[in-house]
$ cat my_file.cif   # mmCIF, C-alpha atoms
data_model
loop_
_atom_site.label_atom_id
_atom_site.label_comp_id
_atom_site.auth_asym_id
_atom_site.auth_seq_id
_atom_site.Cartn_x
_atom_site.Cartn_y
_atom_site.Cartn_z
CA MET A 24 7.32 -29.31 29.43
CA PRO A 25 4.74 -26.61 30.36
CA GLU A 26 1.15 -27.81 30.42
CA ILE A 27 0.09 -25.44 27.61
CA LEU A 28 2.66 -26.97 25.25
CA ASP A 29 1.48 -30.49 26.12
CA GLN A 30 -2.07 -29.36 25.36
CA ALA A 31 -0.96 -27.74 22.09
CA ARG A 32 0.92 -30.86 20.99
CA THR A 33 -2.33 -32.83 21.03
CA GLN A 34 -4.80 -30.10 20.06
CA VAL A 35 -2.82 -28.19 17.45
CA LEU A 36 -0.11 -30.52 16.13
CA GLU A 37 -2.13 -33.75 16.08
CA ASN A 38 -5.66 -32.41 15.51
CA GLY A 39 -5.04 -29.12 13.69
CA VAL A 40 -7.23 -27.10 16.08
CA GLY A 41 -5.72 -23.74 17.06
CA LEU A 42 -5.35 -22.53 20.63
CA ASP A 43 -8.02 -20.19 21.97
CA GLU A 44 -7.31 -16.79 23.54
CA ALA A 45 -6.47 -18.27 26.95
CA GLY A 46 -4.10 -20.77 25.38
CA VAL A 47 -2.37 -18.06 23.34
CA LEU A 48 -1.96 -15.96 26.49
CA ALA A 49 -0.36 -18.92 28.28
CA VAL A 50 2.20 -19.24 25.46
CA LEU A 51 2.87 -15.48 25.50
CA ASN A 52 3.54 -15.73 29.25
CA LEU A 53 5.99 -18.64 29.02
CA PRO A 54 9.31 -18.02 30.81
CA ASP A 55 12.39 -17.50 28.65
CA GLU A 56 13.67 -21.04 29.20
CA ASP A 57 10.52 -22.50 27.61
CA VAL A 58 10.57 -20.30 24.48
CA PRO A 59 12.78 -22.74 22.47
CA ALA A 60 10.31 -25.58 23.17
CA ALA A 61 7.40 -23.38 22.05
CA LEU A 62 9.23 -22.47 18.84
CA GLN A 63 10.09 -26.11 18.16
CA LEU A 64 6.44 -27.12 18.56
CA ALA A 65 5.29 -24.21 16.39
CA HIS A 66 7.75 -25.34 13.71
CA GLU A 67 6.39 -28.88 13.85
CA VAL A 68 2.86 -27.47 13.50
CA ARG A 69 3.90 -25.38 10.50
CA MET A 70 5.58 -28.39 8.83
CA ARG A 71 2.60 -30.66 9.48
CA TRP A 72 -0.21 -28.32 8.42
CA CYS A 73 1.54 -26.03 5.88
CA GLY A 74 4.59 -27.99 4.68
CA PRO A 75 8.19 -26.82 4.23
CA GLU A 76 7.63 -24.28 1.44
CA VAL A 77 8.10 -20.57 2.08
CA GLU A 78 6.09 -18.01 0.12
CA VAL A 79 8.17 -15.02 -1.00
CA GLU A 80 6.55 -11.66 -1.72
CA GLY A 81 7.65 -8.18 -2.78
CA ILE A 82 5.66 -5.01 -2.16
CA VAL A 83 5.61 -1.60 -3.81
CA SER A 84 3.85 1.63 -2.96
CA LEU A 85 1.68 2.99 -5.79
CA LYS A 86 0.79 6.06 -3.73
CA THR A 87 3.06 7.00 -0.85
CA GLY A 88 2.29 9.51 1.91
CA GLY A 89 -0.40 12.14 2.25
CA CYS A 90 -2.91 9.74 3.84
CA PRO A 91 -5.82 11.46 5.67
CA GLU A 92 -5.98 8.81 8.43
CA ASP A 93 -4.19 9.12 11.79
CA CYS A 94 -2.76 5.60 12.34
CA HIS A 95 -0.31 6.54 15.10
CA PHE A 96 2.48 4.24 13.89
CA CYS A 97 2.46 5.37 10.26
CA SER A 98 4.79 7.91 8.69
CA GLN A 99 2.51 8.08 5.63
CA SER A 100 -0.19 9.98 7.49
CA GLY A 101 -0.55 13.54 6.20
CA LEU A 102 -1.47 14.60 9.76
CA PHE A 103 2.00 14.04 11.26
CA THR A 104 5.33 15.80 10.80
CA SER A 105 7.15 12.76 9.41
CA PRO A 106 9.50 13.28 6.43
CA VAL A 107 7.40 11.09 4.06
CA ARG A 108 5.72 13.11 1.30
CA SER A 109 2.95 12.22 -1.14
CA VAL A 110 4.22 10.51 -4.31
CA TRP A 111 2.51 8.52 -7.10
CA LEU A 112 4.26 5.74 -9.04
CA ASP A 113 3.73 5.54 -12.81
CA ILE A 114 2.76 2.34 -14.65
CA PRO A 115 6.20 1.59 -16.20
CA SER A 116 7.77 1.88 -12.72
CA LEU A 117 5.13 -0.48 -11.35
CA VAL A 118 5.85 -3.07 -14.05
CA GLU A 119 9.60 -2.75 -13.47
CA ALA A 120 9.12 -3.28 -9.72
CA ALA A 121 7.07 -6.42 -10.48
CA LYS A 122 9.83 -7.70 -12.78
CA GLN A 123 12.51 -7.14 -10.14
CA THR A 124 10.33 -8.87 -7.54
CA ALA A 125 9.80 -11.89 -9.82
CA LYS A 126 13.57 -12.18 -10.32
CA THR A 127 13.99 -12.92 -6.60
CA GLY A 128 11.77 -15.98 -6.99
CA ALA A 129 8.79 -14.26 -5.40
CA THR A 130 5.34 -15.46 -6.44
CA GLU A 131 3.43 -12.52 -4.99
CA PHE A 132 3.60 -8.80 -5.80
CA CYS A 133 1.51 -6.50 -3.64
CA ILE A 134 0.51 -3.00 -4.78
CA VAL A 135 -0.04 -0.72 -1.79
CA ALA A 136 -1.54 2.76 -1.52
CA ALA A 137 -1.57 5.06 1.51
CA VAL A 138 -5.25 6.01 1.44
CA ARG A 139 -8.39 5.67 3.54
CA GLY A 140 -9.90 3.88 0.54
CA PRO A 141 -9.42 4.08 -3.24
CA ASP A 142 -10.95 6.90 -5.30
CA ALA A 143 -11.73 6.74 -9.04
CA ARG A 144 -8.19 7.84 -9.97
CA LEU A 145 -6.58 5.11 -7.90
CA MET A 146 -8.91 2.41 -9.23
CA LYS A 147 -8.09 3.50 -12.80
CA GLN A 148 -4.37 3.35 -11.96
CA MET A 149 -4.86 -0.11 -10.48
CA ARG A 150 -6.77 -1.37 -13.51
CA GLU A 151 -4.03 -0.15 -15.89
CA GLY A 152 -1.22 -1.29 -13.61
CA VAL A 153 -2.54 -4.81 -13.02
CA ALA A 154 -3.19 -5.29 -16.75
CA ALA A 155 0.33 -4.10 -17.60
CA ILE A 156 1.92 -6.40 -15.02
CA GLN A 157 -0.13 -9.42 -16.13
CA ALA A 158 0.92 -8.78 -19.74
CA GLU A 159 4.64 -8.82 -18.92
CA VAL A 160 5.33 -10.61 -15.62
CA ASP A 161 4.53 -14.13 -14.42
CA ILE A 162 3.50 -13.23 -10.88
CA GLN A 163 0.35 -13.09 -8.76
CA VAL A 164 -0.89 -9.58 -7.97
CA ALA A 165 -2.19 -8.61 -4.54
CA ALA A 166 -3.42 -5.21 -3.40
CA SER A 167 -3.70 -3.12 -0.25
CA LEU A 168 -5.79 0.00 -0.82
CA GLY A 169 -7.55 0.60 2.48
CA MET A 170 -11.27 0.23 3.09
CA LEU A 171 -13.42 -0.81 0.13
CA SER A 172 -17.00 -0.58 -1.08
CA GLN A 173 -18.68 -3.68 -2.51
CA GLU A 174 -18.34 -2.21 -6.01
CA GLN A 175 -14.59 -1.79 -5.53
CA VAL A 176 -14.25 -5.34 -4.24
CA ASP A 177 -16.03 -6.60 -7.36
CA GLU A 178 -13.81 -4.46 -9.58
CA LEU A 179 -10.60 -5.83 -8.03
CA VAL A 180 -11.84 -9.39 -8.56
CA GLU A 181 -12.58 -8.54 -12.17
CA MET A 182 -9.04 -7.12 -12.61
CA GLY A 183 -7.56 -10.41 -11.45
CA VAL A 184 -6.26 -9.31 -8.02
CA HIS A 185 -6.04 -12.62 -6.19
CA ARG A 186 -5.32 -11.50 -2.61
CA TYR A 187 -6.27 -8.40 -0.66
CA ASN A 188 -4.36 -7.08 2.34
CA HIS A 189 -6.15 -5.05 4.97
CA ASN A 190 -4.59 -5.24 8.42
CA LEU A 191 -6.64 -4.99 11.59
CA GLU A 192 -3.33 -3.72 13.11
CA THR A 193 -4.22 -4.61 16.71
CA CYS A 194 -7.02 -6.08 18.80
CA ARG A 195 -10.47 -4.54 18.90
CA SER A 196 -10.12 -3.29 22.49
CA TYR A 197 -6.86 -1.42 21.83
CA PHE A 198 -7.57 -0.09 18.33
CA PRO A 199 -9.02 3.31 19.46
CA ASN A 200 -5.64 4.05 21.12
CA VAL A 201 -3.93 3.69 17.74
CA VAL A 202 -6.44 5.06 15.20
CA THR A 203 -9.24 7.59 15.72
CA THR A 204 -10.25 8.50 12.15
CA HIS A 205 -11.96 5.17 11.46
CA SER A 206 -13.03 2.13 13.46
CA TRP A 207 -11.87 -1.45 13.81
CA GLU A 208 -15.36 -2.50 12.71
CA GLU A 209 -14.98 -0.62 9.40
CA ARG A 210 -11.85 -2.64 8.68
CA TRP A 211 -13.64 -5.87 9.63
CA GLU A 212 -16.46 -5.04 7.16
CA THR A 213 -13.99 -4.70 4.28
CA LEU A 214 -12.39 -8.02 5.20
CA LYS A 215 -15.78 -9.77 5.21
CA MET A 216 -16.56 -8.44 1.72
CA VAL A 217 -13.14 -9.54 0.46
CA ARG A 218 -13.62 -13.05 1.87
CA GLU A 219 -17.09 -13.37 0.32
CA SER A 220 -15.75 -12.22 -3.07
CA GLY A 221 -13.41 -15.19 -3.37
CA MET A 222 -10.21 -13.14 -3.11
CA GLU A 223 -7.74 -14.47 -0.56
CA VAL A 224 -7.71 -12.49 2.70
CA CYS A 225 -4.39 -11.16 4.00
CA CYS A 226 -4.77 -9.61 7.44
CA GLY A 227 -2.30 -9.06 10.25
CA GLY A 228 -0.99 -6.23 12.33
CA ILE A 229 1.80 -4.68 14.34
CA LEU A 230 3.06 -5.82 17.72
CA GLY A 231 4.59 -3.30 20.09
CA LEU A 232 2.03 -0.47 19.74
CA GLY A 233 1.63 -0.32 23.52
CA GLU A 234 -0.83 -3.19 23.80
CA THR A 235 -0.73 -5.52 26.83
CA VAL A 236 0.14 -9.19 26.56
CA GLU A 237 -3.56 -9.91 27.15
CA GLN A 238 -4.46 -7.69 24.20
CA ARG A 239 -1.88 -9.47 22.07
CA ALA A 240 -3.68 -12.74 22.86
CA GLU A 241 -7.01 -11.08 22.09
CA PHE A 242 -5.64 -10.02 18.70
CA ALA A 243 -4.46 -13.54 17.84
CA ALA A 244 -7.91 -14.92 18.73
CA GLN A 245 -9.65 -12.29 16.58
CA LEU A 246 -7.41 -13.09 13.62
CA ALA A 247 -8.11 -16.80 14.10
CA GLU A 248 -11.85 -16.03 14.02
CA LEU A 249 -11.38 -14.20 10.72
CA ASP A 250 -9.35 -17.18 9.44
CA PRO A 251 -7.28 -15.24 6.88
CA HIS A 252 -5.25 -17.02 4.24
CA GLU A 253 -2.21 -15.00 5.32
CA VAL A 254 -1.18 -13.09 8.46
CA PRO A 255 1.71 -10.61 8.11
CA LEU A 256 3.36 -10.07 11.49
CA ASN A 257 4.96 -6.64 11.88
CA PHE A 258 6.95 -5.41 14.86
CA LEU A 259 6.84 -1.68 15.46
CA ASN A 260 9.74 0.18 13.89
CA PRO A 261 9.14 3.58 15.57
CA ARG A 262 9.01 6.33 12.95
CA PRO A 263 10.16 9.90 13.70
CA GLY A 264 7.34 12.43 13.71
CA THR A 265 4.60 9.91 14.53
CA PRO A 266 2.79 9.65 17.89
CA LEU A 267 4.49 6.27 18.49
CA GLY A 268 7.89 7.50 17.37
CA ASP A 269 9.39 7.18 20.85
CA ARG A 270 8.03 3.72 21.71
CA PRO A 271 10.62 1.04 22.56
CA VAL A 272 11.30 -1.74 20.09
CA VAL A 273 9.76 -5.16 20.91
CA GLU A 274 12.22 -7.43 22.75
CA GLY A 275 13.49 -10.27 20.59
CA LYS A 276 12.31 -12.99 23.00
CA ASP A 277 8.81 -11.41 23.11
CA ALA A 278 8.71 -11.34 19.32
CA LEU A 279 9.62 -15.04 19.17
CA ARG A 280 6.99 -15.87 21.82
CA ALA A 281 4.43 -14.09 19.65
CA ILE A 282 5.50 -15.95 16.50
CA ALA A 283 5.07 -19.29 18.29
CA ALA A 284 1.75 -18.23 19.85
CA PHE A 285 0.25 -16.94 16.59
CA ARG A 286 1.29 -20.15 14.79
CA LEU A 287 -0.32 -22.26 17.53
CA ALA A 288 -3.50 -20.15 17.19
CA MET A 289 -3.59 -20.54 13.39
CA PRO A 290 -1.96 -23.84 12.33
CA ARG A 291 -2.87 -23.62 8.63
CA THR A 292 -2.31 -19.92 7.96
CA ILE A 293 0.56 -18.40 5.98
CA LEU A 294 2.43 -16.54 8.74
CA ARG A 295 4.57 -13.90 7.10
CA TYR A 296 7.55 -11.95 8.36
CA ALA A 297 6.82 -8.30 7.60
CA GLY A 298 8.15 -4.95 8.84
CA GLY A 299 10.36 -4.45 11.88
CA ARG A 300 11.91 -7.91 12.08
CA GLU A 301 15.33 -6.52 11.22
CA ILE A 302 15.57 -4.26 14.27
CA THR A 303 13.60 -6.57 16.59
CA LEU A 304 15.18 -9.93 15.73
CA GLY A 305 18.30 -9.33 13.66
CA ASP A 306 19.85 -12.19 11.66
CA LEU A 307 19.82 -14.81 14.43
CA GLY A 308 16.25 -14.09 15.51
CA THR A 309 15.09 -14.10 11.89
CA ARG A 310 16.45 -17.65 11.61
CA ASP A 311 14.78 -18.64 14.91
CA GLY A 312 11.41 -17.37 13.65
CA LEU A 313 11.71 -19.36 10.43
CA LEU A 314 12.32 -22.39 12.63
CA GLY A 315 9.43 -21.36 14.89
CA GLY A 316 6.36 -21.13 12.71
CA ILE A 317 7.04 -18.47 10.07
CA ASN A 318 6.50 -19.71 6.50
CA ALA A 319 6.52 -16.58 4.35
CA VAL A 320 8.68 -13.48 3.98
CA ILE A 321 8.53 -10.07 2.37
CA VAL A 322 11.85 -9.60 0.62
CA GLY A 323 13.58 -6.30 0.00
CA ASN A 324 12.34 -3.00 1.34
CA TYR A 325 9.00 -2.14 2.93
CA LEU A 326 6.89 0.93 2.21
CA THR A 327 8.89 3.57 4.07
CA THR A 328 11.56 1.51 5.86
CA LEU A 329 14.47 -0.58 4.63
CA GLY A 330 14.43 -4.37 4.85
CA ARG A 331 17.16 -6.97 4.43
CA PRO A 332 18.56 -7.54 0.94
CA ALA A 333 16.46 -10.19 -0.82
CA THR A 334 19.62 -12.21 -1.44
CA ASP A 335 20.19 -12.52 2.34
CA ASP A 336 16.73 -13.97 2.94
CA LEU A 337 16.97 -16.33 -0.02
CA ALA A 338 20.39 -17.54 1.12
CA LEU A 339 18.99 -18.15 4.61
CA LEU A 340 16.07 -20.18 3.21
CA ASP A 341 18.54 -22.22 1.16
CA ASP A 342 20.68 -22.79 4.25
CA LEU A 343 17.61 -23.95 6.20
CA LYS A 344 16.63 -26.28 3.30
CA MET A 345 13.28 -24.49 2.97
CA PRO A 346 12.13 -24.44 -0.66
CA VAL A 347 10.62 -21.25 -2.07
CA LYS A 348 7.01 -21.86 -3.02
CA ALA A 349 6.57 -22.13 -6.78
CA LEU A 350 4.19 -19.93 -8.72
CA SER A 351 0.64 -21.25 -8.71
CA ALA A 352 -0.15 -23.39 -11.74
CA THR A 353 -3.53 -21.65 -12.02
CA LEU A 354 -1.93 -18.39 -13.22
#

$ encode --input "my_file.cif" --output "structure tokens"
Amino acid sequence: MPEILDQARTQVLENGVGLDEAGVLAVLNLPDEDVPAALQLAHEVRMRWCGPEVEVEGIVSLKTGGCPEDCHFCSQSGLFTSPVRSVWLDIPSLVEAAKQTAKTGATEFCIVAAVRGPDARLMKQMREGVAAIQAEVDIQVAASLGMLSQEQVDELVEMGVHRYNHNLETCRSYFPNVVTTHSWEERWETLKMVRESGMEVCCGGILGLGETVEQRAEFAAQLAELDPHEVPLNFLNPRPGTPLGDRPVVEGKDALRAIAAFRLAMPRTILRYAGGREITLGDLGTRDGLLGGINAVIVGNYLTTLGRPATDDLALLDDLKMPVKALSATL
């Protein structure tokens, strides 16, 4: 067995201490024949420090498209020629989406808006929407509304939003190649305020933006420093009309290496399958990832791309004897 996996067996599996940047890089550089062993160890780490349960989440876009930021991977930017156009969802539609999500067995419903940060209109919509969902649906509400002020953080806590998603997207050194209209540090500031507020922190990113393997390791180390409750792992699904629209899809083996490496960097974190897994991993790779450190999934469609049918994911979890996490008793 490679030395890094021997080290990880003691450090991560037995002691619960994640690998540092150099260790993550060593895992990301493992030859193909050692990837199954890395996934097996990552699975053991997940089972030991997180347990067998899988958290299921659905997401819906409250405001789609027309975003003023230039995130080069995103078809919701109003600066690119992608086919996505600005649309707002009304409150009854939001409640219906929450109901449909709850029917899948999901415990988490995330309301997402394509904005730099929320304005007064969006915060009002959130307040009404969260109240309407809480009145009719037994589900936890999360939000992803871009960069926040302290007042907005406090308001979301008051509404009862229990988790906030704000992705760093990529490592600090590569971020300026992907976004120029705001900085990595601005995102970090929002995440610090969210953490200090008591809301759970959900923060991940996208692999395959053109970053090097070294930068992928840097990103895992920076996420581990943040210590988020949840890390959604996306793989770039190149969108027509965006600056990254012609980038190649991440190779399946590289995606699995990353899943194992990120789990070994963050043994206690919810590591969630997010966008792009369908085209990067397919059915077989999706199964391998669930047996390699992943312990949460977004079911159904994403914001502007199609996912697998929720029934397929739930059937796979049943087949793997992985119970869906029950709704928190504190609701």

$ resolve_selection --input "my_file.cif" --expression "the PyMOL selection byres ((chain A and resi 280) around 12)" --output "ChimeraX atom specification"
/A:47-65,230,236,239-240,273-279,281-287,304,308,311-312,315-316

$ closest_residue --input "my_file.cif" --among "A:Glu78, A:Asp93, A:Glu119, A:Glu234" --to "Asp336 (chain A)" --atoms "only C-alpha atoms"
A:Glu78

$ atom_distance --input "my_file.cif" --atom1 "CA of Arg300 (chain A)" --atom2 "CA of Pro251 (chain A)"
21.2 Å

$ resolve_selection --input "my_file.cif" --expression "the PyMOL selection byres ((chain A and resi 39) around 10)" --output "MDAnalysis selection string"
chainID A and resid 31:38 40:42 68 71:72 287:291

$ write_last_selection --input "my_file.cif" --atoms "C-alpha atoms" --output "PDB file, in the frame of the given file"
ATOM      1  CA  ALA A  31      -0.960 -27.740  22.090  1.00  0.00           C
ATOM      2  CA  ARG A  32       0.920 -30.860  20.990  1.00  0.00           C
ATOM      3  CA  THR A  33      -2.330 -32.830  21.030  1.00  0.00           C
ATOM      4  CA  GLN A  34      -4.800 -30.100  20.060  1.00  0.00           C
ATOM      5  CA  VAL A  35      -2.820 -28.190  17.450  1.00  0.00           C
ATOM      6  CA  LEU A  36      -0.110 -30.520  16.130  1.00  0.00           C
ATOM      7  CA  GLU A  37      -2.130 -33.750  16.080  1.00  0.00           C
ATOM      8  CA  ASN A  38      -5.660 -32.410  15.510  1.00  0.00           C
ATOM      9  CA  VAL A  40      -7.230 -27.100  16.080  1.00  0.00           C
ATOM     10  CA  GLY A  41      -5.720 -23.740  17.060  1.00  0.00           C
ATOM     11  CA  LEU A  42      -5.350 -22.530  20.630  1.00  0.00           C
ATOM     12  CA  VAL A  68       2.860 -27.470  13.500  1.00  0.00           C
ATOM     13  CA  ARG A  71       2.600 -30.660   9.480  1.00  0.00           C
ATOM     14  CA  TRP A  72      -0.210 -28.320   8.420  1.00  0.00           C
ATOM     15  CA  LEU A 287      -0.320 -22.260  17.530  1.00  0.00           C
ATOM     16  CA  ALA A 288      -3.500 -20.150  17.190  1.00  0.00           C
ATOM     17  CA  MET A 289      -3.590 -20.540  13.390  1.00  0.00           C
ATOM     18  CA  PRO A 290      -1.960 -23.840  12.330  1.00  0.00           C
ATOM     19  CA  ARG A 291      -2.870 -23.620   8.630  1.00  0.00           C
TER      20      ARG A 291
END

$ resolve_selection --input "my_file.cif" --expression "the PyMOL selection byres ((chain A and resi 182-184) around 9)" --output "PyMOL selection string"
chain A and resi 149-150+153-154+157+163-166+177-181+185-187+222

$ closest_residue --input "my_file.cif" --among "A:Pro25, A:Gly305, A:Pro75, A:Gly46" --to "Asp341 (chain A)" --atoms "only C-alpha atoms"
A:Pro75

$ closest_residue --input "my_file.cif" --among "A:His252, A:Gly169, A:Gly152, A:Asn318" --to "Pro346 (chain A)" --atoms "all atoms listed in the file"
A:Asn318

$ axis_aligned_box --input "my_file.cif" --around "region 193-207 of chain A" --padding-each-side "6 Å" --output "AutoDock Vina command-line options"
--center_x -8.5 --center_y 1.2 --center_z 17.0 --size_x 21.1 --size_y 26.6 --size_z 23.0

$ build_atoms --input "my_file.cif" --residues "region 114-124 of chain A" --atoms "all heavy atoms" --output "JSON list (two decimals), keeping the file's coordinate frame"
[["chain", "number", "residue", "atom", "x", "y", "z"],
["A", 114, "ILE", "N", 2.97, 3.74, -14.26],
["A", 114, "ILE", "CA", 2.76, 2.34, -14.65],
["A", 114, "ILE", "C", 4.07, 1.64, -15.04],
["A", 114, "ILE", "O", 4.33, 0.52, -14.59],
["A", 114, "ILE", "CB", 1.71, 2.22, -15.78],
["A", 114, "ILE", "CG1", 0.38, 2.84, -15.35],
["A", 114, "ILE", "CG2", 1.52, 0.76, -16.20],
["A", 114, "ILE", "CD1", -0.27, 2.21, -14.15],
["A", 115, "PRO", "N", 4.94, 2.27, -15.87],
["A", 115, "PRO", "CA", 6.20, 1.59, -16.20],
["A", 115, "PRO", "C", 7.03, 1.25, -14.95],
["A", 115, "PRO", "O", 7.65, 0.18, -14.89],
["A", 115, "PRO", "CB", 6.93, 2.61, -17.09],
["A", 115, "PRO", "CG", 5.83, 3.43, -17.69],
["A", 115, "PRO", "CD", 4.79, 3.53, -16.62],
["A", 116, "SER", "N", 7.02, 2.15, -13.96],
["A", 116, "SER", "CA", 7.77, 1.88, -12.72],
["A", 116, "SER", "C", 7.16, 0.70, -11.96],
["A", 116, "SER", "O", 7.87, -0.10, -11.35],
["A", 116, "SER", "CB", 7.77, 3.11, -11.82],
["A", 116, "SER", "OG", 8.36, 4.21, -12.48],
["A", 117, "LEU", "N", 5.84, 0.62, -12.01],
["A", 117, "LEU", "CA", 5.13, -0.48, -11.35],
["A", 117, "LEU", "C", 5.50, -1.81, -12.00],
["A", 117, "LEU", "O", 5.80, -2.80, -11.31],
["A", 117, "LEU", "CB", 3.62, -0.22, -11.47],
["A", 117, "LEU", "CG", 2.68, -0.86, -10.45],
["A", 117, "LEU", "CD1", 3.04, -0.45, -9.04],
["A", 117, "LEU", "CD2", 1.25, -0.45, -10.77],
["A", 118, "VAL", "N", 5.50, -1.85, -13.31],
["A", 118, "VAL", "CA", 5.85, -3.07, -14.05],
["A", 118, "VAL", "C", 7.30, -3.46, -13.77],
["A", 118, "VAL", "O", 7.62, -4.64, -13.54],
["A", 118, "VAL", "CB", 5.62, -2.89, -15.56],
["A", 118, "VAL", "CG1", 6.15, -4.09, -16.33],
["A", 118, "VAL", "CG2", 4.13, -2.69, -15.85],
["A", 119, "GLU", "N", 8.19, -2.48, -13.75],
["A", 119, "GLU", "CA", 9.60, -2.75, -13.47],
["A", 119, "GLU", "C", 9.78, -3.32, -12.07],
["A", 119, "GLU", "O", 10.56, -4.26, -11.86],
["A", 119, "GLU", "CB", 10.43, -1.47, -13.64],
["A", 119, "GLU", "CG", 11.93, -1.64, -13.40],
["A", 119, "GLU", "CD", 12.57, -2.70, -14.31],
["A", 119, "GLU", "OE1", 12.10, -2.92, -15.45],
["A", 119, "GLU", "OE2", 13.55, -3.33, -13.85],
["A", 120, "ALA", "N", 9.04, -2.77, -11.10],
["A", 120, "ALA", "CA", 9.12, -3.28, -9.72],
["A", 120, "ALA", "C", 8.63, -4.73, -9.67],
["A", 120, "ALA", "O", 9.21, -5.56, -8.97],
["A", 120, "ALA", "CB", 8.28, -2.41, -8.79],
["A", 121, "ALA", "N", 7.58, -5.04, -10.43],
["A", 121, "ALA", "CA", 7.07, -6.42, -10.48],
["A", 121, "ALA", "C", 8.11, -7.36, -11.09],
["A", 121, "ALA", "O", 8.31, -8.49, -10.62],
["A", 121, "ALA", "CB", 5.77, -6.47, -11.27],
["A", 122, "LYS", "N", 8.79, -6.89, -12.14],
["A", 122, "LYS", "CA", 9.83, -7.70, -12.78],
["A", 122, "LYS", "C", 10.97, -7.99, -11.80],
["A", 122, "LYS", "O", 11.46, -9.13, -11.71],
["A", 122, "LYS", "CB", 10.37, -6.98, -14.01],
["A", 122, "LYS", "CG", 9.44, -7.00, -15.21],
["A", 122, "LYS", "CD", 10.06, -6.24, -16.37],
["A", 122, "LYS", "CE", 9.15, -6.28, -17.61],
["A", 122, "LYS", "NZ", 9.71, -5.47, -18.71],
["A", 123, "GLN", "N", 11.41, -6.96, -11.09],
["A", 123, "GLN", "CA", 12.51, -7.14, -10.14],
["A", 123, "GLN", "C", 12.10, -8.09, -9.02],
["A", 123, "GLN", "O", 12.91, -8.88, -8.53],
["A", 123, "GLN", "CB", 12.94, -5.78, -9.57],
["A", 123, "GLN", "CG", 13.57, -4.84, -10.58],
["A", 123, "GLN", "CD", 14.76, -5.46, -11.30],
["A", 123, "GLN", "OE1", 15.61, -6.11, -10.68],
["A", 123, "GLN", "NE2", 14.83, -5.31, -12.62],
["A", 124, "THR", "N", 10.83, -7.98, -8.59],
["A", 124, "THR", "CA", 10.33, -8.87, -7.54],
["A", 124, "THR", "C", 10.32, -10.31, -8.03],
["A", 124, "THR", "O", 10.75, -11.23, -7.33],
["A", 124, "THR", "CB", 8.90, -8.44, -7.12],
["A", 124, "THR", "OG1", 8.96, -7.12, -6.58],
["A", 124, "THR", "CG2", 8.32, -9.38, -6.08]]
